[in-house]
Amino acid sequence: MTHWTTDPEGGRARGPRGLVRAWVEVLIRPRRFFANGTSPGDQAPALTFAAVVAAAYAIGWIVADPGVVPPIAESVVLSAVVVVLVVAALAAPVGLHLTAAVATVSMIVASVERDG
């Protein structure tokens with residue numbers, strides 16, 4: 001279920017250019033993006049997009065206020081890199097999957113209440 005579809009129908013272009021185009025379209029026309037720019041079974045681009053957005057947010061926050069970096073290592077730069085990696089590689093995927101799980105359970109509950 002969470003695989004990279006080889007040739008998705010109607011999906012977004014891959015690579016940095018496709019990621020930038022997706023970012024701009026989500027900001028400008030989110031309904032059009034989610035109606036036309038995604039395809040069933042093509043979850044890897046969404047996960048990549050979420051990780052990049054989370055990393056950009058963390059980097060922006062660290063640049064704006066370096067005091068938010070916890071002292072993980074002796075070097076502030078190394079600590080900042082660890083924070084960005086944890087946010088991008090752990091927090092973003094977990095958050096995305098938990099959101100999907102809550103949405104799935106909500107749909108199940110709604111369909112049971114509707115039928116019952």
# chains A, B, ... in the order shown; residues from 1 in each chain; ligands from 1
call {"tool": "select_by_dssp", "arguments": {"residues": "region 14-58 of chain A", "states": "helix (DSSP H, G or I)", "output": "NGL selection string"}}
result
:A and (15-28 or 30-36 or 44-58)
call {"tool": "write_last_selection", "arguments": {"atoms": "N, CA and C atoms", "output": "mmCIF file, in the first residue's frame"}}
result
data_model
loop_
_atom_site.group_PDB
_atom_site.id
_atom_site.type_symbol
_atom_site.label_atom_id
_atom_site.label_comp_id
_atom_site.auth_asym_id
_atom_site.auth_seq_id
_atom_site.Cartn_x
_atom_site.Cartn_y
_atom_site.Cartn_z
ATOM 1 N N GLY A 15 11.057 14.232 -8.635
ATOM 2 C CA GLY A 15 12.270 15.006 -8.511
ATOM 3 C C GLY A 15 12.039 16.389 -7.918
ATOM 4 N N PRO A 16 13.127 17.155 -7.796
ATOM 5 C CA PRO A 16 13.041 18.491 -7.194
ATOM 6 C C PRO A 16 12.070 19.427 -7.922
ATOM 7 N N ARG A 17 12.061 19.370 -9.246
ATOM 8 C CA ARG A 17 11.160 20.250 -10.008
ATOM 9 C C ARG A 17 9.693 19.914 -9.716
ATOM 10 N N GLY A 18 9.365 18.644 -9.686
ATOM 11 C CA GLY A 18 8.008 18.227 -9.370
ATOM 12 C C GLY A 18 7.618 18.605 -7.948
ATOM 13 N N LEU A 19 8.570 18.527 -7.020
ATOM 14 C CA LEU A 19 8.304 18.894 -5.639
ATOM 15 C C LEU A 19 8.015 20.385 -5.511
ATOM 16 N N VAL A 20 8.786 21.204 -6.213
ATOM 17 C CA VAL A 20 8.559 22.653 -6.186
ATOM 18 C C VAL A 20 7.210 22.988 -6.821
ATOM 19 N N ARG A 21 6.887 22.352 -7.949
ATOM 20 C CA ARG A 21 5.583 22.588 -8.591
ATOM 21 C C ARG A 21 4.444 22.191 -7.664
ATOM 22 N N ALA A 22 4.592 21.075 -6.969
ATOM 23 C CA ALA A 22 3.553 20.636 -6.036
ATOM 24 C C ALA A 22 3.413 21.638 -4.885
ATOM 25 N N TRP A 23 4.528 22.116 -4.374
ATOM 26 C CA TRP A 23 4.521 23.076 -3.268
ATOM 27 C C TRP A 23 3.750 24.328 -3.679
ATOM 28 N N VAL A 24 4.086 24.864 -4.848
ATOM 29 C CA VAL A 24 3.432 26.088 -5.325
ATOM 30 C C VAL A 24 1.939 25.854 -5.541
ATOM 31 N N GLU A 25 1.590 24.737 -6.145
ATOM 32 C CA GLU A 25 0.174 24.487 -6.406
ATOM 33 C C GLU A 25 -0.619 24.258 -5.127
ATOM 34 N N VAL A 26 -0.026 23.608 -4.128
ATOM 35 C CA VAL A 26 -0.722 23.423 -2.855
ATOM 36 C C VAL A 26 -0.981 24.776 -2.201
ATOM 37 N N LEU A 27 -0.032 25.691 -2.323
ATOM 38 C CA LEU A 27 -0.220 27.018 -1.737
ATOM 39 C C LEU A 27 -1.239 27.851 -2.503
ATOM 40 N N ILE A 28 -1.264 27.720 -3.832
ATOM 41 C CA ILE A 28 -2.128 28.566 -4.660
ATOM 42 C C ILE A 28 -3.495 27.935 -4.903
ATOM 43 N N PRO A 30 -5.013 24.511 -3.697
ATOM 44 C CA PRO A 30 -4.966 23.196 -3.035
ATOM 45 C C PRO A 30 -6.050 22.224 -3.503
ATOM 46 N N ARG A 31 -7.242 22.706 -3.764
ATOM 47 C CA ARG A 31 -8.308 21.782 -4.204
ATOM 48 C C ARG A 31 -7.967 21.158 -5.545
ATOM 49 N N ARG A 32 -7.456 21.960 -6.455
ATOM 50 C CA ARG A 32 -7.073 21.433 -7.762
ATOM 51 C C ARG A 32 -5.932 20.421 -7.631
ATOM 52 N N PHE A 33 -4.987 20.736 -6.759
ATOM 53 C CA PHE A 33 -3.864 19.824 -6.559
ATOM 54 C C PHE A 33 -4.348 18.459 -6.074
ATOM 55 N N PHE A 34 -5.187 18.447 -5.049
ATOM 56 C CA PHE A 34 -5.615 17.169 -4.493
ATOM 57 C C PHE A 34 -6.624 16.458 -5.383
ATOM 58 N N ALA A 35 -7.308 17.193 -6.254
ATOM 59 C CA ALA A 35 -8.238 16.554 -7.189
ATOM 60 C C ALA A 35 -7.506 15.963 -8.388
ATOM 61 N N ASN A 36 -6.488 16.655 -8.894
ATOM 62 C CA ASN A 36 -5.829 16.249 -10.138
ATOM 63 C C ASN A 36 -4.392 15.761 -9.956
ATOM 64 N N ALA A 44 4.247 7.696 -1.872
ATOM 65 C CA ALA A 44 5.618 8.138 -1.644
ATOM 66 C C ALA A 44 5.812 9.625 -1.926
ATOM 67 N N PRO A 45 5.254 10.181 -3.001
ATOM 68 C CA PRO A 45 5.420 11.625 -3.202
ATOM 69 C C PRO A 45 4.810 12.461 -2.080
ATOM 70 N N ALA A 46 3.685 12.030 -1.526
ATOM 71 C CA ALA A 46 3.075 12.768 -0.421
ATOM 72 C C ALA A 46 3.960 12.713 0.817
ATOM 73 N N LEU A 47 4.539 11.564 1.069
ATOM 74 C CA LEU A 47 5.439 11.427 2.209
ATOM 75 C C LEU A 47 6.689 12.274 2.010
ATOM 76 N N THR A 48 7.224 12.277 0.799
ATOM 77 C CA THR A 48 8.384 13.121 0.490
ATOM 78 C C THR A 48 8.032 14.584 0.673
ATOM 79 N N PHE A 49 6.868 14.986 0.178
ATOM 80 C CA PHE A 49 6.422 16.367 0.309
ATOM 81 C C PHE A 49 6.290 16.752 1.782
ATOM 82 N N ALA A 50 5.680 15.901 2.584
ATOM 83 C CA ALA A 50 5.511 16.183 4.013
ATOM 84 C C ALA A 50 6.855 16.304 4.721
ATOM 85 N N ALA A 51 7.799 15.431 4.378
ATOM 86 C CA ALA A 51 9.120 15.482 5.004
ATOM 87 C C ALA A 51 9.864 16.758 4.623
ATOM 88 N N VAL A 52 9.756 17.165 3.364
ATOM 89 C CA VAL A 52 10.433 18.394 2.925
ATOM 90 C C VAL A 52 9.811 19.615 3.593
ATOM 91 N N VAL A 53 8.488 19.650 3.689
ATOM 92 C CA VAL A 53 7.817 20.778 4.354
ATOM 93 C C VAL A 53 8.217 20.827 5.831
ATOM 94 N N ALA A 54 8.234 19.695 6.495
ATOM 95 C CA ALA A 54 8.623 19.659 7.905
ATOM 96 C C ALA A 54 10.077 20.090 8.093
ATOM 97 N N ALA A 55 10.957 19.625 7.211
ATOM 98 C CA ALA A 55 12.371 20.021 7.304
ATOM 99 C C ALA A 55 12.528 21.523 7.053
ATOM 100 N N ALA A 56 11.817 22.055 6.068
ATOM 101 C CA ALA A 56 11.897 23.496 5.785
ATOM 102 C C ALA A 56 11.402 24.304 6.980
ATOM 103 N N TYR A 57 10.331 23.847 7.607
ATOM 104 C CA TYR A 57 9.813 24.529 8.790
ATOM 105 C C TYR A 57 10.850 24.502 9.913
ATOM 106 N N ALA A 58 11.424 23.336 10.172
ATOM 107 C CA ALA A 58 12.414 23.212 11.249
ATOM 108 C C ALA A 58 13.648 24.068 10.967
#
call {"tool": "residues_around", "arguments": {"residues": "Pro70 (chain A)", "least_positions_apart": "5", "cutoff": "10 Å", "atoms": "only C-alpha atoms", "output": "list in words"}}
result
Val76, Ser79, Ala80, Val82 and Val83 of chain A
